[in-house]
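Dropping my_file04.cif in here (mmCIF, C-alpha atoms):
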```cif
data_entry
#
loop_
_atom_site.label_atom_id
_atom_site.label_comp_id
_atom_site.auth_asym_id
_atom_site.auth_seq_id
_atom_site.Cartn_x
_atom_site.Cartn_y
_atom_site.Cartn_z
CA ASP L 1 -40.77 -58.48 4.08
CA TYR L 2 -38.13 -55.74 3.43
CA ARG L 3 -36.11 -57.83 0.99
CA ASN L 4 -36.04 -56.96 -2.72
CA SER L 5 -39.00 -58.61 -4.48
CA VAL L 6 -41.03 -58.47 -7.69
CA MET L 7 -44.81 -58.14 -7.52
CA PHE L 8 -47.37 -58.50 -10.36
CA TRP L 9 -51.13 -58.83 -10.93
CA ALA L 10 -52.69 -60.94 -13.70
CA ARG L 11 -55.43 -59.39 -15.88
CA LYS L 12 -57.52 -60.50 -18.82
CA LYS L 13 -56.45 -59.43 -22.30
CA ALA L 14 -58.38 -56.39 -23.47
CA ASP L 15 -59.72 -56.10 -27.01
CA VAL L 16 -58.22 -52.63 -27.22
CA GLU L 17 -54.85 -52.26 -25.52
CA PRO L 18 -54.18 -48.98 -23.68
CA THR L 19 -52.30 -46.39 -25.71
CA TYR L 20 -50.05 -43.55 -24.65
CA SER L 21 -48.21 -40.67 -26.23
CA PHE L 22 -45.53 -38.18 -25.18
CA GLY L 23 -45.98 -34.45 -25.43
CA SER L 24 -43.57 -32.23 -27.27
CA GLU L 25 -40.11 -32.18 -25.74
CA GLU L 26 -39.23 -29.03 -23.81
CA THR L 27 -35.64 -27.85 -23.61
CA TYR L 28 -34.18 -25.32 -21.12
CA TYR L 29 -31.26 -23.28 -22.33
CA ALA L 30 -28.92 -21.29 -20.11
CA TYR L 31 -27.06 -18.52 -21.89
CA LEU L 32 -23.69 -17.69 -20.40
CA SER L 33 -20.95 -15.16 -20.78
CA GLU L 34 -17.60 -14.70 -19.06
CA VAL L 35 -15.36 -11.69 -19.58
CA GLU L 36 -11.92 -11.65 -17.95
CA VAL L 37 -10.19 -8.35 -17.25
CA ASP L 38 -6.51 -8.38 -16.23
CA PHE L 39 -4.75 -5.51 -14.47
CA ASP L 40 -0.97 -5.27 -14.29
CA ASN L 41 1.54 -3.03 -12.51
CA VAL L 42 -0.73 -2.90 -9.46
CA PRO L 43 1.24 -1.61 -6.42
CA LEU L 44 2.39 -4.47 -4.22
CA THR L 45 1.71 -2.35 -1.12
CA SER L 46 -2.02 -2.07 -1.95
CA ALA L 47 -4.30 -2.50 1.04
CA LYS L 48 -7.69 -2.27 -0.68
CA PHE L 49 -9.13 -2.45 -4.20
CA ASN L 50 -12.14 -0.50 -5.39
CA PHE L 51 -13.74 -1.75 -8.64
CA ASN L 52 -16.10 0.27 -10.85
CA VAL L 53 -17.93 -1.48 -13.69
CA ARG L 54 -20.41 0.14 -16.07
CA ILE L 55 -22.45 -2.62 -17.68
CA GLY L 56 -25.73 -3.04 -19.57
CA PHE L 57 -27.84 -5.59 -21.46
CA ASN L 58 -30.59 -5.67 -24.05
CA VAL L 59 -32.79 -7.70 -21.66
CA SER L 60 -33.97 -6.95 -18.13
CA ASN L 61 -33.17 -8.35 -14.66
CA VAL L 62 -29.80 -9.86 -15.49
CA LYS L 63 -27.72 -11.23 -12.61
CA VAL L 64 -23.99 -10.48 -12.73
CA MET L 65 -21.37 -12.23 -10.57
CA PHE L 66 -17.91 -10.74 -10.12
CA CYS L 67 -15.06 -13.12 -9.31
CA LEU L 68 -11.39 -12.54 -8.48
CA TRP L 69 -8.48 -14.94 -8.97
CA ASN L 70 -6.98 -15.87 -5.58
CA GLY L 71 -3.96 -17.76 -6.90
CA SER L 72 -5.62 -21.17 -7.09
CA GLY L 73 -9.14 -20.51 -8.36
CA TRP L 74 -11.91 -17.99 -9.02
CA GLU L 75 -13.64 -16.64 -5.94
CA GLY L 76 -17.02 -14.89 -6.04
CA VAL L 77 -16.75 -11.52 -4.28
CA TYR L 78 -19.83 -9.55 -5.35
CA GLU L 79 -23.08 -9.95 -7.28
CA ASP L 80 -25.71 -7.52 -8.48
CA ILE L 81 -28.79 -7.24 -10.71
CA VAL L 82 -29.01 -5.01 -13.78
CA PRO L 83 -32.78 -4.33 -13.76
CA ASN L 84 -33.52 -2.42 -16.93
CA ALA L 85 -32.90 -3.38 -20.55
CA ASN L 86 -30.86 -0.98 -22.72
CA GLU L 87 -29.67 1.02 -19.71
CA PHE L 88 -26.21 1.03 -18.18
CA LYS L 89 -25.76 0.43 -14.46
CA ASP L 90 -22.71 1.57 -12.51
CA ILE L 91 -21.61 -1.13 -10.07
CA THR L 92 -19.01 -0.46 -7.37
CA PHE L 93 -17.53 -2.88 -4.84
CA SER L 94 -14.43 -3.12 -2.66
CA VAL L 95 -12.21 -5.95 -1.39
CA TYR L 96 -9.11 -6.31 0.74
CA ALA L 97 -6.16 -6.47 -1.63
CA SER L 98 -3.76 -9.07 -0.25
CA ARG L 99 -5.74 -12.17 -1.24
CA TYR L 100 -6.06 -11.21 -4.91
CA LEU L 101 -2.74 -9.51 -5.71
CA SER L 102 0.07 -11.62 -7.18
CA ASN L 103 3.29 -10.16 -8.58
CA GLY L 104 1.52 -6.95 -9.51
CA TYR L 105 -1.37 -8.68 -11.30
CA VAL L 106 -5.10 -8.71 -10.48
CA LYS L 107 -7.61 -10.77 -12.49
CA LEU L 108 -11.33 -9.98 -12.55
CA SER L 109 -13.98 -12.20 -14.16
CA VAL L 110 -17.46 -10.85 -15.04
CA ASN L 111 -19.90 -13.78 -15.19
CA VAL L 112 -23.47 -13.67 -16.49
CA THR L 113 -26.11 -16.42 -16.63
CA CYS L 114 -29.47 -15.75 -18.30
CA ASN L 115 -32.42 -17.88 -19.45
CA GLU L 116 -32.78 -16.01 -22.73
CA PRO L 117 -30.37 -14.80 -25.40
CA PHE L 118 -28.76 -11.47 -24.52
CA GLU L 119 -26.30 -8.86 -25.67
CA GLU L 120 -23.83 -7.55 -23.11
CA TYR L 121 -22.31 -4.08 -23.15
CA ILE L 122 -19.37 -3.19 -20.90
CA ASP L 123 -18.61 0.51 -21.12
CA TYR L 124 -15.64 0.48 -18.73
CA VAL L 125 -13.97 -1.39 -15.88
CA SER L 126 -11.68 0.44 -13.47
CA LEU L 127 -9.56 -0.61 -10.51
CA THR L 128 -8.47 1.86 -7.85
CA ALA L 129 -5.73 0.57 -5.55
CA TYR L 130 -5.37 2.19 -2.14
CA THR L 131 -1.89 2.21 -0.67
CA PRO L 132 -1.71 3.48 2.91
CA THR L 133 0.88 6.07 3.84
CA ARG L 134 0.79 4.53 7.31
CA THR L 135 -1.28 1.81 8.93
CA ILE L 136 -3.35 2.75 11.99
CA ILE L 137 -5.47 0.82 14.49
CA TYR L 138 -8.05 3.00 16.26
CA VAL L 139 -8.55 1.95 19.88
CA GLY L 140 -11.54 3.00 21.98
CA VAL L 141 -10.41 2.86 25.63
CA GLY L 142 -12.94 1.04 27.82
CA GLY L 143 -14.73 3.14 30.43
CA THR L 144 -13.63 6.41 28.77
CA ASN L 145 -14.53 8.47 25.73
CA ASN L 146 -10.96 8.46 24.43
CA ILE L 147 -9.78 6.97 21.12
CA TYR L 148 -6.05 6.41 20.57
CA LYS L 149 -4.29 5.75 17.28
CA TYR L 150 -1.76 2.93 17.28
CA ILE L 151 0.75 3.46 14.46
CA LEU L 152 1.98 0.01 13.40
CA ASP L 153 4.96 1.19 11.37
CA SER L 154 6.51 3.00 14.33
CA ASP L 155 4.94 1.01 17.19
CA THR L 156 3.72 4.23 18.82
CA PHE L 157 0.44 5.68 20.08
CA GLU L 158 -1.05 9.08 19.21
CA GLY L 159 -4.02 10.88 20.70
CA PRO L 160 -6.40 10.88 22.26
CA ILE L 161 -9.37 11.75 20.05
CA THR L 162 -12.24 12.80 22.32
CA ALA L 163 -15.45 10.97 21.41
CA GLU L 164 -18.39 13.28 22.09
CA PHE L 165 -21.27 14.91 20.27
CA ALA L 166 -22.96 18.15 21.33
CA GLY L 167 -21.15 18.00 24.64
CA SER L 168 -22.29 14.44 25.48
CA PRO L 169 -19.49 11.86 25.80
CA ILE L 170 -19.55 8.62 23.82
CA THR L 171 -18.15 6.21 26.40
CA PHE L 172 -16.80 2.85 25.30
CA TYR L 173 -18.38 -0.19 26.97
CA GLY L 174 -19.50 -3.60 25.73
CA ASN L 175 -22.65 -2.00 24.29
CA VAL L 176 -20.72 0.41 22.05
CA SER L 177 -19.04 -0.56 18.78
CA MET L 178 -16.72 1.20 16.30
CA ASN L 179 -15.64 0.46 12.72
CA PHE L 180 -13.58 2.20 10.03
CA ASP L 181 -15.01 3.31 6.68
CA TYR L 182 -12.07 2.98 4.29
CA ASP L 183 -13.96 4.64 1.40
CA ARG L 184 -14.80 7.89 3.19
CA TYR L 185 -12.12 7.80 5.91
CA LEU L 186 -14.73 7.95 8.66
CA LEU L 187 -14.94 6.27 12.05
CA TRP L 188 -18.45 4.92 12.63
CA VAL L 189 -19.70 4.43 16.19
CA VAL L 190 -23.03 3.07 17.46
CA ASN L 191 -23.95 4.06 21.01
CA GLY L 192 -27.43 3.43 22.37
CA SER L 193 -29.77 4.13 19.46
CA LYS L 194 -27.48 6.76 17.89
CA VAL L 195 -25.14 6.24 14.93
CA TYR L 196 -22.26 8.75 14.83
CA TYR L 197 -19.27 9.24 12.59
CA TYR L 198 -15.96 10.99 13.13
CA ASN L 199 -14.51 12.72 10.08
CA ILE L 200 -10.77 12.14 10.18
CA THR L 201 -10.19 15.01 7.74
CA ASP L 202 -11.88 17.81 9.70
CA GLY L 203 -11.64 16.26 13.18
CA ARG L 204 -15.36 16.64 13.96
CA TRP L 205 -18.13 14.32 15.19
CA TYR L 206 -21.53 14.10 13.42
CA LEU L 207 -24.85 12.42 14.23
CA TYR L 208 -25.86 10.34 11.19
CA SER L 209 -28.95 8.32 12.14
CA THR L 210 -31.16 7.13 14.98
CA LEU L 211 -32.22 3.48 15.25
CA ALA L 212 -35.64 2.35 16.44
CA GLU L 213 -34.05 0.71 19.49
CA PRO L 214 -30.77 0.86 21.42
CA VAL L 215 -28.00 -1.65 20.89
CA GLY L 216 -27.04 -4.00 23.73
CA TYR L 217 -24.01 -5.97 24.86
CA GLY L 218 -22.53 -7.99 22.01
CA CYS L 219 -23.52 -5.36 19.43
CA SER L 220 -21.36 -4.59 16.41
CA ILE L 221 -21.16 -2.07 13.58
CA ASN L 222 -19.55 -3.22 10.34
CA TYR L 223 -18.79 -1.32 7.13
CA VAL L 224 -18.87 -3.42 3.93
CA ASN L 225 -19.09 -2.13 0.36
CA GLY L 226 -20.89 1.13 1.03
CA LYS L 227 -23.26 -0.13 3.71
CA LEU L 228 -23.33 -0.25 7.50
CA TYR L 229 -24.50 -3.46 9.18
CA ILE L 230 -25.46 -2.92 12.83
CA ILE L 231 -26.11 -6.04 14.90
CA ILE L 232 -28.25 -5.07 17.90
CA GLY L 233 -27.01 -7.73 20.34
CA GLY L 234 -28.45 -7.93 23.85
CA GLY L 235 -30.32 -11.15 22.99
CA SER L 236 -31.93 -9.72 19.82
CA ASP L 237 -31.96 -11.29 16.36
CA LYS L 238 -32.13 -7.93 14.56
CA MET L 239 -29.62 -6.32 12.27
CA TYR L 240 -30.06 -2.80 10.87
CA ILE L 241 -28.69 -1.87 7.44
CA LEU L 242 -27.80 1.66 6.36
CA ASP L 243 -27.10 2.20 2.65
CA LEU L 244 -24.61 5.07 2.52
CA ALA L 245 -25.03 5.41 -1.24
CA SER L 246 -28.42 6.93 -0.35
CA TRP L 247 -26.86 9.23 2.23
CA GLY L 248 -29.24 10.03 5.06
CA SER L 249 -31.85 7.42 4.12
CA PRO L 250 -33.53 5.67 7.09
CA PRO L 251 -32.23 2.27 8.24
CA THR L 252 -33.91 -0.98 7.30
CA TYR L 253 -33.67 -4.13 9.37
CA THR L 254 -33.63 -7.86 8.90
CA SER L 255 -33.74 -10.89 11.16
CA LEU L 256 -30.57 -12.95 11.39
CA GLY L 257 -32.57 -16.02 12.39
CA PHE L 258 -30.62 -16.40 15.64
CA ASN L 259 -30.14 -14.29 18.77
CA VAL L 260 -26.91 -12.42 19.52
CA TYR L 261 -25.69 -12.08 23.10
CA GLU L 262 -22.88 -10.51 25.11
CA TYR L 263 -19.38 -11.62 24.06
CA SER L 264 -20.56 -11.89 20.46
CA VAL L 265 -17.96 -10.84 17.86
CA THR L 266 -18.30 -10.10 14.15
CA GLU L 267 -15.78 -9.77 11.31
CA SER L 268 -15.94 -9.32 7.53
CA ASP L 269 -13.80 -10.64 4.69
CA GLY L 270 -15.12 -7.98 2.33
CA ARG L 271 -18.31 -9.83 1.37
CA PHE L 272 -19.49 -12.01 4.26
CA LEU L 273 -20.05 -11.10 7.90
CA TYR L 274 -18.88 -13.89 10.22
CA ILE L 275 -20.73 -13.88 13.55
CA VAL L 276 -20.11 -15.82 16.76
CA GLN L 277 -23.39 -15.91 18.66
CA GLY L 278 -21.87 -15.30 22.12
CA GLY L 279 -23.39 -15.58 25.59
CA GLY L 280 -21.95 -19.08 25.95
CA TYR L 281 -23.54 -20.20 22.67
CA VAL L 282 -21.05 -21.51 20.10
CA GLY L 283 -23.26 -20.92 17.07
CA PHE L 284 -21.24 -19.53 14.16
CA TYR L 285 -22.83 -18.02 11.06
CA LYS L 286 -22.04 -16.08 7.92
CA PHE L 287 -24.23 -13.35 6.46
CA ASP L 288 -23.91 -12.67 2.72
CA THR L 289 -24.00 -8.90 2.22
CA THR L 290 -24.86 -9.32 -1.48
CA SER L 291 -28.00 -11.42 -0.90
CA ASN L 292 -28.82 -10.97 2.83
CA ASN L 293 -28.79 -14.74 3.25
CA VAL L 294 -27.60 -16.40 6.47
CA GLU L 295 -25.77 -19.74 6.54
CA PRO L 296 -24.85 -21.73 9.66
CA LEU L 297 -21.25 -22.89 9.87
CA ASN L 298 -19.39 -25.30 12.11
CA ASP L 299 -19.57 -24.27 15.77
CA ALA L 300 -16.99 -21.85 17.16
CA PRO L 301 -14.50 -23.25 19.69
CA THR L 302 -15.91 -20.96 22.41
CA GLY L 303 -19.10 -19.10 23.19
CA TYR L 304 -17.11 -16.33 24.90
CA PRO L 305 -14.73 -14.87 22.30
CA VAL L 306 -12.86 -11.63 23.00
CA GLY L 307 -11.49 -11.08 19.50
CA LEU L 308 -12.11 -12.08 15.88
CA THR L 309 -10.18 -10.80 12.85
CA TYR L 310 -9.74 -11.63 9.16
CA ASP L 311 -6.40 -12.71 7.71
CA GLY L 312 -6.63 -12.22 3.94
CA ASP L 313 -3.11 -13.58 3.36
CA ARG L 314 -4.09 -17.06 4.58
CA GLY L 315 -7.85 -16.98 3.99
CA VAL L 316 -8.59 -17.58 7.69
CA LEU L 317 -10.22 -15.92 10.68
CA TRP L 318 -8.35 -15.67 13.99
CA LEU L 319 -10.17 -15.93 17.32
CA ILE L 320 -9.11 -15.43 20.94
CA GLY L 321 -11.37 -16.73 23.71
CA LYS L 322 -12.11 -15.55 27.21
CA GLY L 323 -9.55 -17.11 29.55
CA GLY L 324 -7.19 -17.75 26.65
CA GLY L 325 -7.12 -19.98 23.60
CA LEU L 326 -6.01 -18.92 20.12
CA PHE L 327 -7.80 -20.55 17.18
CA TYR L 328 -8.06 -20.07 13.43
CA TYR L 329 -10.96 -20.80 11.08
CA ASP L 330 -10.17 -22.14 7.61
CA ILE L 331 -12.86 -20.40 5.51
CA SER L 332 -12.62 -22.64 2.45
CA ASN L 333 -12.96 -25.85 4.51
CA ASP L 334 -15.35 -24.59 7.24
CA ALA L 335 -13.01 -25.90 9.94
CA TRP L 336 -11.74 -24.55 13.28
CA LYS L 337 -8.31 -25.51 14.57
CA PRO L 338 -6.20 -24.50 17.59
CA TYR L 339 -3.03 -22.60 16.75
CA LYS L 340 0.26 -24.36 17.49
CA ILE L 341 1.30 -21.63 19.94
CA GLN L 342 -1.09 -20.44 22.65
CA VAL L 343 -1.25 -17.05 24.36
CA PRO L 344 0.34 -16.87 27.85
CA TYR L 345 -2.40 -14.72 29.39
CA THR L 346 -6.10 -14.99 30.25
CA PRO L 347 -8.18 -12.12 28.80
CA GLN L 348 -11.58 -11.67 30.46
CA GLU L 349 -13.52 -8.60 29.29
CA GLN L 350 -15.81 -8.74 26.24
CA GLY L 351 -15.35 -6.72 23.06
CA ASN L 352 -13.66 -7.36 19.73
CA ARG L 353 -10.11 -6.11 20.31
CA LEU L 354 -8.16 -8.29 17.84
CA GLU L 355 -6.63 -7.02 14.59
CA TYR L 356 -4.47 -8.61 11.87
CA TYR L 357 -1.74 -6.93 9.82
CA ASN L 358 1.22 -8.28 7.87
CA SER L 359 1.46 -11.74 9.52
CA LYS L 360 0.95 -10.40 13.03
CA LEU L 361 -2.01 -10.35 15.40
CA TYR L 362 -2.54 -7.34 17.65
CA HIS L 363 -4.65 -8.00 20.73
CA PHE L 364 -5.55 -5.15 23.08
CA ARG L 365 -6.16 -7.01 26.31
CA ASP L 366 -8.30 -4.54 28.31
CA ASP L 367 -9.03 -6.06 31.79
CA GLU L 368 -7.97 -2.67 33.25
CA THR L 369 -4.48 -3.14 31.83
CA ARG L 370 -2.43 -1.27 29.22
CA GLU L 371 -1.27 -4.49 27.59
CA LEU L 372 -0.97 -4.85 23.82
CA TRP L 373 0.01 -8.38 22.77
CA ILE L 374 1.65 -8.81 19.38
CA ILE L 375 1.57 -12.41 18.10
CA ASN L 376 3.80 -13.29 15.16
CA ILE L 377 2.14 -15.99 13.02
CA SER L 378 4.53 -15.97 10.06
#
```

Could you quickly redo this structure as structure tokens?
Amino acid sequence: DYRNSVMFWARKKADVEPTYSFGSEETYYAYLSEVEVDFDNVPLTSAKFNFNVRIGFNVSNVKVMFCLWNGSGWEGVYEDIVPNANEFKDITFSVYASRYLSNGYVKLSVNVTCNEPFEEYIDYVSLTAYTPTRTIIYVGVGGTNNIYKYILDSDTFEGPITAEFAGSPITFYGNVSMNFDYDRYLLWVVNGSKVYYYNITDGRWYLYSTLAEPVGYGCSINYVNGKLYIIIGGGSDKMYILDLASWGSPPTYTSLGFNVYEYSVTESDGRFLYIVQGGGYVGFYKFDTTSNNVEPLNDAPTGYPVGLTYDGDRGVLWLIGKGGGLFYYDISNDAWKPYKIQVPYTPQEQGNRLEYYNSKLYHFRDDETRELWIINIS
């Protein structure tokens, strides 16, 4: 009988009734601190913020969370551990500026939670705002080793930059990926098992590291807060991590927990990597670069994307699919939606060729064409 019921058993009265007692009450205390730092007169044209915080405690292994005000609430952007008591640690992290800049103001919150009483020492907090003299998209031309610069302000192309090292060309196919390092002004490229960088200042190519295996179709290289994240692709679940703060140190790797195939695309919002699985699979995940944790999200609208980019003004990701289809992903609500206006063409070839800037999407079609589609989403 699955209805609610009361059950009891009769027993004889004992001469000595059972007794019981409670142990001493235990109480758990969480000790908290929150320090808000406000910056004013920040340039409205800022493209990126770099924060430096020197902080210490009188206890060890203290976790610190850094949050930024996005206009409607506090948003966690970076976390770190201060391991040693009575020693300062210098913490540096970067974010895209547009989401956290309002009328020249930026608000930073330093949040600490500890299970024992602590003293907190903040030696300094600095904000460096980067304002570009001109905005450039670097375009690796498929089937060649040429890189062109698209200058957004003037709607013109410059180049090419020849991609080669020691006389060997670095040819752009679906198993080659490129990303820009906005801290060092380097172009990072992964090709086969080699990781190269192009120094924009001196115009030379350098070999940085060699991976234990070559990347495959659907690979990606992503620069986030001083580290390179290289997704192998080709049906692998591996991702290699290179910590550039320890320049020249060997790569480490981790398992994403899912396989990445051709037509996979990856994008970052400054903390998380957002990954579409590709190969016809619509799995969509985010990788937290501060903790190396992976979280599954709602499925992507296509398993064959040809572009994914972050829009910090709206807090969304934009995606274009093979054969057409323009969608956006609302990060705060974990929801995909089709855009009200669709693209009038049918891109086919794989590779992440979509960029966002100033309320416009820039999609380099490929498909053996010279087409650049500019989509106004304002």

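For the structure in this document, the set picked by the PyMOL selection byres ((chain L and resi 277) around 9) is Gly218, Phe258, Asn259, Val260, Tyr261, Glu262, Tyr263, Ser264, Val265, Thr266, Ile275, Val276, Gly278, Gly279, Gly280, Tyr281, Val282, Gly283, Phe284, Tyr285, Ala300, Gly303 and Tyr304 of chain L.
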
L:Ser291 environment, 10 Å, all atoms listed in the file, sequence neighbours closer than 2 positions dropped, as a PyMOL selection string: chain L and resi 78-80+272+287-289+293-294

Put those residues in a file: C-alpha atoms, as a PDB file, in the frame of the given file.
```pdb
ATOM      1  CA  TYR L  78     -19.830  -9.550  -5.350  1.00  0.00           C
ATOM      2  CA  GLU L  79     -23.080  -9.950  -7.280  1.00  0.00           C
ATOM      3  CA  ASP L  80     -25.710  -7.520  -8.480  1.00  0.00           C
ATOM      4  CA  PHE L 272     -19.490 -12.010   4.260  1.00  0.00           C
ATOM      5  CA  PHE L 287     -24.230 -13.350   6.460  1.00  0.00           C
ATOM      6  CA  ASP L 288     -23.910 -12.670   2.720  1.00  0.00           C
ATOM      7  CA  THR L 289     -24.000  -8.900   2.220  1.00  0.00           C
ATOM      8  CA  ASN L 293     -28.790 -14.740   3.250  1.00  0.00           C
ATOM      9  CA  VAL L 294     -27.600 -16.400   6.470  1.00  0.00           C
TER      10      VAL L 294
END
```

Report the distance between atom CA of L:Ser246 and atom CA of L:Arg204 in Å, rounded to one decimal place. 21.7 Å

Which neighbours of stretch 29-43 of chain L fall inside 9 Å, counting only C-alpha atoms, when residues of the same chain fewer than 4 positions from it are skipped, and could you give them as number ranges by chain? L: 101, 103-118, 120, 125, 127, 129-131

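Atom pair atom CA of L:Pro251 / atom CA of L:Tyr196: separated by 13.6 Å.
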